[in-house]
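Undergrad: Structure provided below as structure tokens; questions to follow.
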Amino acid sequence: MQIDLLPRERSTATLNLLILLGSLLAGLLAISVVFALNGVNPALAIFSIFKGSFGSWYGIKETITKAIPLILIGSGLALAYKAKFWNIGAESQLLVGAIFSTWVGLNWGPHLPAIVLVPLMFLAAFIGGALWGMVPAVLKIRFGINEVISTLMLNYIAAEFVKFLVVGPWKGASKGGYPYTDDLPAAAILNQFPYSRISPVLLILAVTGALILGWLVYRSRFGYEIRVIGENTYAAKYSGINFFRTLVVLMAISGGMAGLAGAGELMSIHHYLSYPDSLSAGYGFTAIIVAWLARLNPAYTIVSGLFFAGIVVGGDAIQISMGMPAATVDIFNGMILVFLIMGDFFISHRVRIRLGRTVDA
Amino acid sequence: MLDIIVSVLTRTIVAGTPLLLATLGEIVAERAGILNLGIEGLMSTGAVTAFIVTFATGNPWLGMLAAILMGTLLSSLHGFVCISLRANQVVSGLALTMLGLGISGLWGKPYIGRPLPERMGRLNIPGLSDLPVVGKILFNHDWYVYLAIVIGIAIWFLVKHTSMGITLRSVGENPKAAESQGIAVIRVKYLAVMTGGGLAGMAGAFLSTAYSGSWNEGITAGRGWIVVALTIFALWRPGGAFLGAYLFGGIFVLQFMLQPLGVSPNLLAMLPYLSTLLVLLIYGLSKSGQRRMSAPATLGEPYVRGGR
Amino acid sequence: MNRILCLEMRGISKSFVDVKANRDINLTISSGEILGLLGENGAGKTTLMNILYGLYRPDDGEILVNGEVVKLRNPKDSMRVGIGMIHQHFMLVEKHTVLENIALGYDEAPFFFPQRTLRKRIWELSAQYGLDVDPDKPIWELSAGEQQRVEIIKALSRKADLLIMDEPTSVLTPQETEELFDILRKMSSGGHSVILISHKLEEILNICNRVMVLRKGLLTGEARIEEVDKGKLAVMMIGRQIAAAYPKADINPGDVVLEVTGLDVDSDRGLPAVRHLSLQVHRHEILGIAGVSGNGQQELVETITGLRQPLSGSILMKGVPLDHADARKAHTLGITHVPEERIKYGIVPNLLLYENSVLKRHRDAPFSSWIQMNYGAIKDHAGKLVDSFQVDTPSINVRVKNLSGGNIQKLILGREISGGPELLVAAHPTYGLDVGATEYIRKQIIELRDSGGAVLLISEDLDELFMVCDRIAVMFEGRFMGQVTPESCTVEEIGLMMTGSTIQEE
């Protein structure tokens with residue numbers, strides 16, 4: 001018997017969808033094996049996760065709350081990955097966005113009405129995330145520094161800087177010994193749907209943002225150029241595309257979206273700047289899988305964002321109901337991501353199995 | 001004052017040890033062209049494996065072996081996805097980190113807060129360990145500290161002065177040239193990634209069975225990511241790994257030492273990352289620097305056998 | 001001591017998906033011989049040699065060493081029987097030293113300190129054959145000639161008795177070429193045999209004992225070197241009869257469209273590639289540039305199309321200077337470009353056909369306006385391209401990578417012609433295409449010229465240049481050796497100019 005891996009000549013949307021679903025299913029199966037080996041009933045655990053997130057109104061509302069930052073960040077990451085710019089620094093672009101909007105909120109907030117202050121804080125967050133996102137783009141094009149490394153380093157630098165701020169110069173006078181800034185003024189706090197933590201403003205922002213980015217990738221001239229850069233840099237050169245400008249703008253948008261997510265968490269959920277891990281819960285990394293599951297189409301992150309938010313919420317639920325550790329969610333995320341990228345291989349290749357002895361030509 | 005310096009240096013060597021082990025592993029993998037961002041997950045899994053095995057058997061050496069084995073096994077998954085399926089190494093590495101953190105969290109849950117009956121022992125060298133100052137700093141550590149140094153020297157020697165080292169480096173630089181000389185490129189890549197995984201697992205074992213003697217989620221505390229930075233800081237050289245690991249280890253220690261003196265520990269904690277960026281920037285300023293800095297030429301690229 | 005006294009390839013055939021690269025080829029070479037393997041690009045020389053080096057397996061035929069059949073499944077097998085090959089692109093690790101490169105995969109290198117032991121062996125080989133090279137220098141510091149010597153040492157140290165060299169002089173300076181030939185002569189007098197792949201007649205005459213000529217996968221001639229001269233070889237290589245020219249509208253050239261004056265351009269290696277070159281192309285005119293590839297044509301094309309920065313000289317496009325590398329500006333000035341490496345530069349394989357149909361024109365109306373792409377207009381355009389340029393595709397919604405080479409080229413040409421360019425720069429537009437596609441593309445180029453366009457056509461295919469062009473300039477080492485019209489010139493004359501002889505002005 002011989003197994004050949006051959007390049008697949010044509011792929012259809014149906015086939016891609018089937019492979020995607022197959023990957024998810026295989027991922028769940030692998031997760032089940034891990035659970036079973038650990039003496040946890042896998043069917044019950046997986047059922048409980050999805051029951052926790054999609055099985056009750058409370059779960060659904062929490063899922064949407066957590067989907068918002070994932071959609072915002074994930075759609076921006078999908079955009080960057082379309083140009084094969086491996087931005088893994090969304091976590092810190094979120095933080096810098098939060099820093100910028102906190103500054104605006106604390107300094108200008110008391111003097112401004114909500115109608116002015118809220119857009120201003122979002123704008124500041126976008127600018128903050130954008131600036132932080134542009135750094136690796138410039139470092140890559142001007143100095144040849146790999147963006148994976150630079151975004152990774154910038155993640156830690158920003159996280160330490162936030163810690164420095166909240167225990168140091170920005171430490172709130174009203175917060176006793178805690179590492180928090182003072183509360184944002186009331187005008188900066190976003191309204192939420194009753195009995196939920198979903199902010200309508202943020203929900204609209206995330207959904208329209210993802211749709212706009214989807215439009216940008218597939219319908220705009222800019223999107224055309226980033227797809228050409230991502231797929232073939234030589235052809236991009238041949239067609240006179242300006243790498244520097246395109247990639248810098250691209251990363252400004254990608255970072256800016258993460259910045260918006262930071263402001264959103266701040267203004268809707270937390271109301272003050274605090275330690276990085278309480279502000280973000282690893283959204284910047286989970287959003288990478290969100291972008292991947294969306295097959296790098298920013299618009300699809302609305303769906304994939306909900307899916308992974310569901311896992312995050314369900315993961316919290318089984319922590320309590322089944323006594324599982326917090327890291328269970330990571331098993332889901334990691335395993336599903338592994339199987340998604342394995343699935344990619346079968347989108348571009350087909351497997352041919354020939355039976356019988358092979359003749360050595 | 002002398003006491004403080006001795007204490008800082010002693011603790012620096014201890015803090016640098018897991019960084020050194022894992023960085024050496026990452027250097028081996030990256031030299032073969034495989035970027036592994038999963039170190040944090042591998043270390044964490046190594047830590048929990050070593051803890052559980054040591055807890056059950058009372059033998060920290062068995063714990064270490066189990067951790068190495070687990071690291072090798074888990075990294076071979078990364079190898080399969082990146083080498084055989086030619087998937088994106090960045091994404092696969094991130095997946096490995098999540099998976100490793102998740103699995104170690106799951107396995108370690110029952111062991112949280114339970115002390116280890118038997119930690120890795122110290123190696124006392126009669127005579128040397130009793131020396132004043134130097135004895136305390138250099139010759140009064142557990143086995144891991146010395147193993148890391150021995151492994152580091154061995155890897156430096158293998159990479160630099162043996163035909164195996166030439167093969168490894170060539171596979172990362174120009175796999176086609178290696179293939180044309182009859183080297184089994186794919187096999188070399190697998191072995192390199194698995195070696196890297198084993199060393200990351202061993203670094204994790206040090207954390208749970210020697211350094212802290214307990215298990216808790218987040219035991220690796222971002223060390224896996226520092227290792228990724230350190231590999232570049234070291235410019236993919238084992239010698240540089242020694243320098244970088246102890247330097248970064250020292251910064252770890254100083255964070256706590258200098259805090260009472262009013263130095264922000266957070267700003268200090270930025271130093272490893274800032275200095276890595278700075279090193280890259282300095283090399284990136286000139287063309288000749290870019291050449292010297294340059295990573296293994298095919299780092300991160302999938303290799304297609306016999307491709308034209 | 002010599003393991004290969006006589007090597008024979010019998011009835012070798014090899015097909016790839018769309019081409020028959022070798023058809024029933026016989027080759028023999030014996031100890032001490034230097035055999036020239038001559039032919040144009042795509043004639044099947046490299047394929048034949050890759051079979052001998054174990055990189056490809058022949059569909060048919062066998063290989064005999066000293067009268068015994070050998071199976072060469074991979075390079076290791078070939079090395080074992082004593083065959084070494086030096087590829088056109090060197091297989092060296094740039095960052096490693098000479099010693100490390102030679103030690104790579106070398107069975108006899110010791111495990112510990114392999115460099116130390118090898119140093120002695122290298123000195124011996126260096127002294128024996130005049131292979132002068134510093135064993136401790138990294139490859140990237142070496143010149144192309146030195147790198148080639150490293151490759152030769154690598155092959156010799158592995159006891160290669162038969163050395164295959166693929167276009168060895170294409171990257172060398174004239175002095176380095178002389179040095180290489182000295183080395184080869186020393187090797188042959190020591191009993192080694194050499195197969196030299198080349199398309200340079202002069203070289204073959206200079207160094208070889210015997211020559212075999214391939215054309216379109218077939219063996220078209222074989223002779224001892226004393227029996228032939230340049231003219232005879234040129235005819236063997238190019239084919240006897242030149243096909244009749246395509247019918248062209250009888251129009252005199254119009255105004256100057258492109259004027260290049262005193263252009264100097266360096267290659268990527270920093271060597272002069274185009275030297276003080278001047279040319280003019282007019283409306284209603286096809287200027288062909290003949291020449292063996294690697295004589296500066298690629299750099300010339302890249303400079304005119306805005307992809308490469310010239311050192312000095314001027315390029316005026318309808319009077320507007322194009323003074324620095326700016327592909328966008330070249331495009332807006334009306335220059336279009338069918339690139340030599342069409343898959344690498346000309347298309348984005350993973351994008352759909354209609355998306356590729358406006359590559360580089362994607363900023364022009366009606367395909368986009370301000371920030372929005374107008375996919376309606378793009379799809380219309382793609383549909384028309386597919387129809388009028390006979391691109392064989394199931395629909396405009398397929399990824400371009402799924403099209404055949406000929407259809408990709410039709411798409412690129414259609415895209416570049418359909419906007420009615422002022423100047424079309426086409427580099428090897430029919431290279432590797434089947435007869436039908438070739439014919440079609442040539443006709444389209446003539447049609448563009450008839451309707452008022454200017455064309456700069458770079459080709460190695462003399463048939464093509466004779467059939468299509470109004471004027472032909474012959475390029476050698478970055479200069480024009482002369483300009484001729486197809487009517488007043490013979491293949492032999494062009495062949496001579498291609499190898500560096502100037503032709504007396506009439």
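Residue numbers start at 1 in each chain; chains themselves are named A, B, ... in the order of the structure tokens; ligands are numbered from 1 in the order shown.
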Any chance you could list, as number ranges by chain, the residues in stretch 115-286 of chain C that come up strand (DSSP E) when DSSP is run on the backbone?
TA: C: 162-166, 193-198, 210-215, 218-224, 256-266, 272-282, 285-286
Undergrad: Please list as a PyMOL selection string every residue within 9 Å of B:Lys109, counting only C-alpha atoms and excluding residues in the same chain fewer than 2 positions away.
TA: (chain A and resi 324-325) or (chain B and resi 104-107+111-112+215-217)
Undergrad: Please tabulate, as a tab-separated table, the residues of chain A that come within 9 Å of chain B, each with its closest pair of atoms and the distance in Å to one decimal, counting only C-alpha atoms and ordering rows by chain, then residue number upward.
TA:
residue	atom	partner	partner_atom	distance
A:Val34	CA	B:Ile103	CA	8.0
A:Phe35	CA	B:Leu106	CA	8.7
A:Asn38	CA	B:Trp107	CA	7.3
A:Trp86	CA	B:Val90	CA	7.8
A:Ile88	CA	B:Val90	CA	8.9
A:Leu139	CA	B:Leu281	CA	7.9
A:Arg142	CA	B:Gly284	CA	8.1
A:Phe143	CA	B:Gly284	CA	4.6
A:Gly144	CA	B:Gly284	CA	6.2
A:Ile145	CA	B:Leu280	CA	6.7
A:Val148	CA	B:Val90	CA	7.7
A:Ile149	CA	B:Ala229	CA	7.0
A:Ser150	CA	B:Leu277	CA	6.8
A:Leu152	CA	B:Trp225	CA	7.8
A:Met153	CA	B:Tyr273	CA	5.2
A:Leu154	CA	B:Tyr273	CA	7.5
A:Tyr156	CA	B:Met270	CA	6.8
A:Ile157	CA	B:Met270	CA	5.2
A:Ala158	CA	B:Met270	CA	8.5
A:Ala159	CA	B:Met270	CA	8.8
A:Glu160	CA	B:Asn266	CA	5.1
A:Phe161	CA	B:Asn266	CA	6.7
A:Val162	CA	B:Asn266	CA	8.7
A:Lys163	CA	B:Asn266	CA	6.4
A:Phe164	CA	B:Asn266	CA	5.4
A:Gly168	CA	B:Ser264	CA	8.1
A:Phe285	CA	B:Leu94	CA	8.2
A:Ile288	CA	B:Val91	CA	8.1
A:Ile289	CA	B:Val91	CA	8.5
A:Trp292	CA	B:Val91	CA	8.9
A:Met324	CA	B:Leu106	CA	7.0
A:Pro325	CA	B:Leu106	CA	5.8
A:Ala326	CA	B:Gly105	CA	7.3
A:Ala327	CA	B:Gly102	CA	4.4
A:Thr328	CA	B:Gly102	CA	5.3
A:Val329	CA	B:Gly102	CA	6.8
A:Asp330	CA	B:Gly102	CA	4.5
A:Ile331	CA	B:Gly102	CA	4.4
A:Phe332	CA	B:Leu99	CA	7.6
A:Asn333	CA	B:Met98	CA	6.6
A:Gly334	CA	B:Ala95	CA	4.3
A:Met335	CA	B:Leu99	CA	6.1
A:Ile336	CA	B:Ala95	CA	8.3
A:Leu337	CA	B:Ala95	CA	5.7
A:Val338	CA	B:Ala95	CA	5.9
A:Ile341	CA	B:Ala87	CA	6.2
A:Met342	CA	B:Val81	CA	6.4
A:Asp344	CA	B:Ala87	CA	7.6
A:Phe345	CA	B:Leu85	CA	6.0
A:Phe346	CA	B:Leu85	CA	8.9
Undergrad: With N, CA and C atoms retained, export the selected residues as a CSV table (one decimal), in the first residue's frame.
TA:
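Below is the file selection11.csv, written as the result:
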chain,number,residue,atom,x,y,z
A,34,VAL,N,-8.4,13.4,25.7
A,34,VAL,CA,-7.7,14.0,26.9
A,34,VAL,C,-8.5,13.9,28.1
A,35,PHE,N,-9.8,14.3,28.0
A,35,PHE,CA,-10.7,14.3,29.2
A,35,PHE,C,-10.9,12.8,29.7
A,38,ASN,N,-8.2,11.5,31.6
A,38,ASN,CA,-8.1,12.1,32.9
A,38,ASN,C,-9.3,11.7,33.9
A,86,TRP,N,2.3,38.5,10.6
A,86,TRP,CA,1.8,37.7,11.8
A,86,TRP,C,1.8,38.5,13.1
A,88,ILE,N,1.0,39.0,16.5
A,88,ILE,CA,0.6,38.3,17.7
A,88,ILE,C,0.6,39.2,18.9
A,139,LEU,N,9.4,48.4,12.1
A,139,LEU,CA,10.6,47.6,12.5
A,139,LEU,C,10.8,46.6,11.4
A,142,ARG,N,11.7,48.6,7.8
A,142,ARG,CA,12.9,49.4,7.8
A,142,ARG,C,14.2,48.7,8.4
A,143,PHE,N,13.9,47.8,9.3
A,143,PHE,CA,15.1,47.1,10.0
A,143,PHE,C,15.1,45.6,9.8
A,144,GLY,N,14.2,45.1,9.1
A,144,GLY,CA,14.2,43.7,8.9
A,144,GLY,C,13.9,42.8,10.1
A,145,ILE,N,13.2,43.4,11.1
A,145,ILE,CA,13.0,42.6,12.3
A,145,ILE,C,11.7,41.8,12.2
A,148,VAL,N,6.9,38.6,14.3
A,148,VAL,CA,6.4,37.6,15.4
A,148,VAL,C,7.2,38.0,16.7
A,149,ILE,N,8.5,38.2,16.6
A,149,ILE,CA,9.3,38.5,17.7
A,149,ILE,C,9.0,39.9,18.3
A,150,SER,N,8.9,40.9,17.4
A,150,SER,CA,8.6,42.3,17.9
A,150,SER,C,7.3,42.4,18.6
A,152,LEU,N,5.6,40.0,20.0
A,152,LEU,CA,5.7,39.3,21.2
A,152,LEU,C,6.4,40.1,22.3
A,153,MET,N,7.5,40.8,22.0
A,153,MET,CA,8.2,41.6,22.9
A,153,MET,C,7.4,42.7,23.4
A,154,LEU,N,6.7,43.4,22.4
A,154,LEU,CA,5.8,44.5,22.8
A,154,LEU,C,4.7,44.1,23.7
A,156,TYR,N,4.9,42.1,26.2
A,156,TYR,CA,5.4,42.1,27.6
A,156,TYR,C,5.7,43.5,28.0
A,157,ILE,N,6.2,44.3,27.1
A,157,ILE,CA,6.6,45.7,27.5
A,157,ILE,C,5.3,46.4,27.9
A,158,ALA,N,4.3,46.3,27.1
A,158,ALA,CA,3.0,47.0,27.4
A,158,ALA,C,2.4,46.5,28.7
A,159,ALA,N,2.5,45.1,28.9
A,159,ALA,CA,1.9,44.6,30.1
A,159,ALA,C,2.6,45.1,31.3
A,160,GLU,N,3.9,45.1,31.3
A,160,GLU,CA,4.7,45.6,32.4
A,160,GLU,C,4.4,47.1,32.6
A,161,PHE,N,4.2,47.8,31.5
A,161,PHE,CA,3.9,49.3,31.6
A,161,PHE,C,2.6,49.5,32.3
A,162,VAL,N,1.6,48.7,32.0
A,162,VAL,CA,0.3,48.9,32.6
A,162,VAL,C,0.4,48.6,34.1
A,163,LYS,N,1.2,47.5,34.5
A,163,LYS,CA,1.4,47.2,35.9
A,163,LYS,C,2.1,48.4,36.6
A,164,PHE,N,3.1,48.9,35.9
A,164,PHE,CA,3.8,50.1,36.4
A,164,PHE,C,2.8,51.2,36.7
A,168,GLY,N,1.9,52.5,40.3
A,168,GLY,CA,2.7,53.7,40.5
A,168,GLY,C,1.9,55.0,40.2
A,285,PHE,N,-4.9,36.5,22.4
A,285,PHE,CA,-4.4,35.2,21.9
A,285,PHE,C,-5.6,34.4,21.4
A,288,ILE,N,-6.7,35.1,17.9
A,288,ILE,CA,-5.9,34.5,16.8
A,288,ILE,C,-6.6,33.3,16.3
A,289,ILE,N,-7.2,32.4,17.2
A,289,ILE,CA,-7.9,31.3,16.7
A,289,ILE,C,-9.2,31.7,16.1
A,292,TRP,N,-8.5,32.5,12.7
A,292,TRP,CA,-8.2,31.4,11.9
A,292,TRP,C,-9.5,30.6,11.6
A,324,MET,N,-13.5,21.6,37.3
A,324,MET,CA,-12.4,21.5,36.3
A,324,MET,C,-11.5,22.8,36.5
A,325,PRO,N,-10.2,22.7,36.1
A,325,PRO,CA,-9.4,23.9,36.3
A,325,PRO,C,-9.6,24.9,35.2
A,326,ALA,N,-9.2,26.1,35.5
A,326,ALA,CA,-9.5,27.2,34.5
A,326,ALA,C,-8.8,27.0,33.2
A,327,ALA,N,-7.7,26.2,33.2
A,327,ALA,CA,-7.0,26.0,32.0
A,327,ALA,C,-7.7,25.1,31.0
A,328,THR,N,-8.8,24.5,31.4
A,328,THR,CA,-9.6,23.6,30.5
A,328,THR,C,-9.9,24.3,29.2
A,329,VAL,N,-10.2,25.6,29.3
A,329,VAL,CA,-10.5,26.3,28.1
A,329,VAL,C,-9.3,26.3,27.1
A,330,ASP,N,-8.1,26.3,27.7
A,330,ASP,CA,-6.9,26.3,26.8
A,330,ASP,C,-6.8,25.0,26.0
A,331,ILE,N,-7.2,23.9,26.7
A,331,ILE,CA,-7.2,22.6,25.9
A,331,ILE,C,-8.1,22.7,24.7
A,332,PHE,N,-9.3,23.3,24.9
A,332,PHE,CA,-10.2,23.5,23.8
A,332,PHE,C,-9.5,24.3,22.7
A,333,ASN,N,-9.1,25.5,23.1
A,333,ASN,CA,-8.5,26.4,22.2
A,333,ASN,C,-7.3,25.8,21.4
A,334,GLY,N,-6.4,25.2,22.2
A,334,GLY,CA,-5.2,24.7,21.6
A,334,GLY,C,-5.5,23.5,20.6
A,335,MET,N,-6.4,22.6,21.1
A,335,MET,CA,-6.6,21.4,20.3
A,335,MET,C,-7.4,21.8,19.1
A,336,ILE,N,-8.4,22.7,19.2
A,336,ILE,CA,-9.1,23.1,18.0
A,336,ILE,C,-8.3,23.8,17.0
A,337,LEU,N,-7.4,24.6,17.5
A,337,LEU,CA,-6.4,25.3,16.6
A,337,LEU,C,-5.5,24.3,15.9
A,338,VAL,N,-5.0,23.4,16.6
A,338,VAL,CA,-4.1,22.4,16.0
A,338,VAL,C,-4.9,21.7,14.8
A,341,ILE,N,-5.5,23.9,11.7
A,341,ILE,CA,-4.3,24.1,10.8
A,341,ILE,C,-4.0,22.8,10.1
A,342,MET,N,-4.3,21.7,10.8
A,342,MET,CA,-4.1,20.4,10.1
A,342,MET,C,-5.1,20.3,8.9
A,344,ASP,N,-6.2,22.6,7.1
A,344,ASP,CA,-5.7,23.4,6.0
A,344,ASP,C,-4.9,22.6,5.0
A,345,PHE,N,-4.2,21.7,5.6
A,345,PHE,CA,-3.4,20.8,4.7
A,345,PHE,C,-4.3,20.1,3.7
A,346,PHE,N,-5.4,19.6,4.2
A,346,PHE,CA,-6.3,18.8,3.3
A,346,PHE,C,-7.1,19.7,2.4
Undergrad: Show me, as a count of residues only, the residues that have an atom within 8 Å of stretch 46-62 of chain B when counting only C-alpha atoms, minus same-chain residues fewer than 2 positions from it.
TA: 32
Undergrad: Would you kindly return, as a PyMOL selection string, each protein, DNA or RNA residue with an atom no farther than 12 Å from any atom of B:Thr195, considering only C-alpha atoms and excluding same-chain residues fewer than 5 positions away?
TA: chain B and resi 21-32+34+36+42+68-76+79+151+155+168+188-190+200-202
Undergrad: Mind running chain A against chain C at 12 Å and telling me each contacting residue's nearest atom pair with the distance in Å (one decimal), counting only C-alpha atoms, chain and number ascending, as JSON lines?
TA:
{"residue": "A:Pro7", "atom": "CA", "partner": "C:Asn402", "partner_atom": "CA", "distance": 10.5}
{"residue": "A:Arg8", "atom": "CA", "partner": "C:Asn402", "partner_atom": "CA", "distance": 9.3}
{"residue": "A:Glu9", "atom": "CA", "partner": "C:Asn402", "partner_atom": "CA", "distance": 6.0}
{"residue": "A:Arg10", "atom": "CA", "partner": "C:Asn402", "partner_atom": "CA", "distance": 7.0}
{"residue": "A:Ser11", "atom": "CA", "partner": "C:Val398", "partner_atom": "CA", "distance": 9.2}
{"residue": "A:Thr12", "atom": "CA", "partner": "C:Val398", "partner_atom": "CA", "distance": 9.8}
{"residue": "A:Ala13", "atom": "CA", "partner": "C:Val398", "partner_atom": "CA", "distance": 11.8}
{"residue": "A:Lys82", "atom": "CA", "partner": "C:Leu351", "partner_atom": "CA", "distance": 12.0}
{"residue": "A:Trp215", "atom": "CA", "partner": "C:Gln372", "partner_atom": "CA", "distance": 9.3}
{"residue": "A:Leu216", "atom": "CA", "partner": "C:Gln372", "partner_atom": "CA", "distance": 8.4}
{"residue": "A:Val217", "atom": "CA", "partner": "C:Met373", "partner_atom": "CA", "distance": 10.4}
{"residue": "A:Tyr218", "atom": "CA", "partner": "C:Met373", "partner_atom": "CA", "distance": 8.7}
{"residue": "A:Arg219", "atom": "CA", "partner": "C:Met373", "partner_atom": "CA", "distance": 5.6}
{"residue": "A:Ser220", "atom": "CA", "partner": "C:Gln372", "partner_atom": "CA", "distance": 4.2}
{"residue": "A:Arg221", "atom": "CA", "partner": "C:Met373", "partner_atom": "CA", "distance": 5.2}
{"residue": "A:Phe222", "atom": "CA", "partner": "C:Ile371", "partner_atom": "CA", "distance": 6.8}
{"residue": "A:Gly223", "atom": "CA", "partner": "C:Met373", "partner_atom": "CA", "distance": 9.0}
{"residue": "A:Tyr224", "atom": "CA", "partner": "C:Met373", "partner_atom": "CA", "distance": 7.9}
{"residue": "A:Glu225", "atom": "CA", "partner": "C:His362", "partner_atom": "CA", "distance": 8.8}
{"residue": "A:Ile226", "atom": "CA", "partner": "C:Leu351", "partner_atom": "CA", "distance": 11.8}
{"residue": "A:Arg227", "atom": "CA", "partner": "C:Leu351", "partner_atom": "CA", "distance": 8.2}
{"residue": "A:Val228", "atom": "CA", "partner": "C:Val348", "partner_atom": "CA", "distance": 6.6}
{"residue": "A:Ile229", "atom": "CA", "partner": "C:Val348", "partner_atom": "CA", "distance": 9.1}
{"residue": "A:Gly230", "atom": "CA", "partner": "C:Val348", "partner_atom": "CA", "distance": 9.5}
{"residue": "A:Glu231", "atom": "CA", "partner": "C:Val348", "partner_atom": "CA", "distance": 6.3}
{"residue": "A:Asn232", "atom": "CA", "partner": "C:Val348", "partner_atom": "CA", "distance": 5.8}
{"residue": "A:Thr233", "atom": "CA", "partner": "C:Tyr345", "partner_atom": "CA", "distance": 8.4}
{"residue": "A:Tyr234", "atom": "CA", "partner": "C:Tyr345", "partner_atom": "CA", "distance": 5.2}
{"residue": "A:Ala235", "atom": "CA", "partner": "C:Tyr345", "partner_atom": "CA", "distance": 4.4}
{"residue": "A:Ala236", "atom": "CA", "partner": "C:Tyr345", "partner_atom": "CA", "distance": 8.0}
{"residue": "A:Lys237", "atom": "CA", "partner": "C:Leu307", "partner_atom": "CA", "distance": 7.5}
{"residue": "A:Tyr238", "atom": "CA", "partner": "C:Tyr345", "partner_atom": "CA", "distance": 6.1}
{"residue": "A:Ser239", "atom": "CA", "partner": "C:Lys360", "partner_atom": "CA", "distance": 4.1}
{"residue": "A:Gly240", "atom": "CA", "partner": "C:Arg328", "partner_atom": "CA", "distance": 4.6}
{"residue": "A:Ile241", "atom": "CA", "partner": "C:Arg328", "partner_atom": "CA", "distance": 7.5}
{"residue": "A:Asn242", "atom": "CA", "partner": "C:Arg328", "partner_atom": "CA", "distance": 9.0}
{"residue": "A:Ser348", "atom": "CA", "partner": "C:Asn350", "partner_atom": "CA", "distance": 10.7}
{"residue": "A:Asp360", "atom": "CA", "partner": "C:Arg73", "partner_atom": "CA", "distance": 10.0}
{"residue": "A:Ala361", "atom": "CA", "partner": "C:Arg57", "partner_atom": "CA", "distance": 7.9}
Undergrad: Could you tell me which residues of chain B sit within 8 Å of chain C when counting only C-alpha atoms, and give me the result as a tab-separated table (two decimals) with N, CA and C atoms, in the first residue's frame?
TA:
chain	number	residue	atom	x	y	z
B	161	HIS	N	31.54	22.10	16.48
B	161	HIS	CA	32.74	21.34	16.12
B	161	HIS	C	32.50	19.92	15.64
B	162	THR	N	31.26	19.57	15.30
B	162	THR	CA	31.06	18.21	14.80
B	162	THR	C	30.31	18.24	13.48
B	163	SER	N	30.41	17.14	12.76
B	163	SER	CA	29.71	17.07	11.48
B	163	SER	C	28.20	17.07	11.71
B	164	MET	N	27.78	16.55	12.87
B	164	MET	CA	26.35	16.61	13.19
B	164	MET	C	25.88	18.06	13.26
B	166	ILE	N	27.19	20.63	11.74
B	166	ILE	CA	27.16	21.20	10.39
B	166	ILE	C	25.87	20.78	9.69
B	167	THR	N	25.51	19.52	9.86
B	167	THR	CA	24.27	19.03	9.25
B	167	THR	C	23.07	19.81	9.78
B	170	SER	N	23.06	23.38	8.46
B	170	SER	CA	22.80	23.43	7.02
B	170	SER	C	21.33	23.20	6.72
B	173	GLU	N	19.67	26.41	7.17
B	173	GLU	CA	20.12	27.47	6.27
B	173	GLU	C	19.74	27.21	4.82
B	174	ASN	N	19.98	25.99	4.37
B	174	ASN	CA	19.74	25.67	2.97
B	174	ASN	C	19.43	24.18	2.84
B	176	LYS	N	17.94	22.50	0.71
B	176	LYS	CA	18.16	21.90	-0.61
B	176	LYS	C	19.60	21.46	-0.76
B	177	ALA	N	20.52	22.31	-0.29
B	177	ALA	CA	21.93	21.94	-0.37
B	177	ALA	C	22.16	20.69	0.46
B	178	ALA	N	21.54	20.63	1.63
B	178	ALA	CA	21.70	19.46	2.49
B	178	ALA	C	21.14	18.22	1.82
B	180	SER	N	20.83	17.69	-1.29
B	180	SER	CA	21.66	17.29	-2.43
B	180	SER	C	22.89	16.54	-1.99
B	181	GLN	N	23.26	16.65	-0.71
B	181	GLN	CA	24.38	15.88	-0.20
B	181	GLN	C	23.90	14.64	0.55
B	182	GLY	N	22.66	14.28	0.32
B	182	GLY	CA	22.15	13.04	0.87
B	182	GLY	C	21.70	13.10	2.32
B	183	ILE	N	21.48	14.31	2.86
B	183	ILE	CA	21.01	14.43	4.23
B	183	ILE	C	19.49	14.21	4.27
Undergrad: Considering only helix (DSSP H, G or I) as DSSP defines it on the backbone, what residues of stretch 260-326 of chain A qualify? List them as an MDAnalysis selection string.
TA: chainID A and resid 260:270 276:280 283:293 298:321
Undergrad: Give me the residues within 12 Å of stretch 170-180 of chain C as a ChimeraX atom specification, counting only C-alpha atoms and dropping any in the same chain fewer than 4 places off.
TA: /C:87-90,129-132,143-152,165-166,184-187,196-200,202-203,206-207,267-273,292-296,477,500
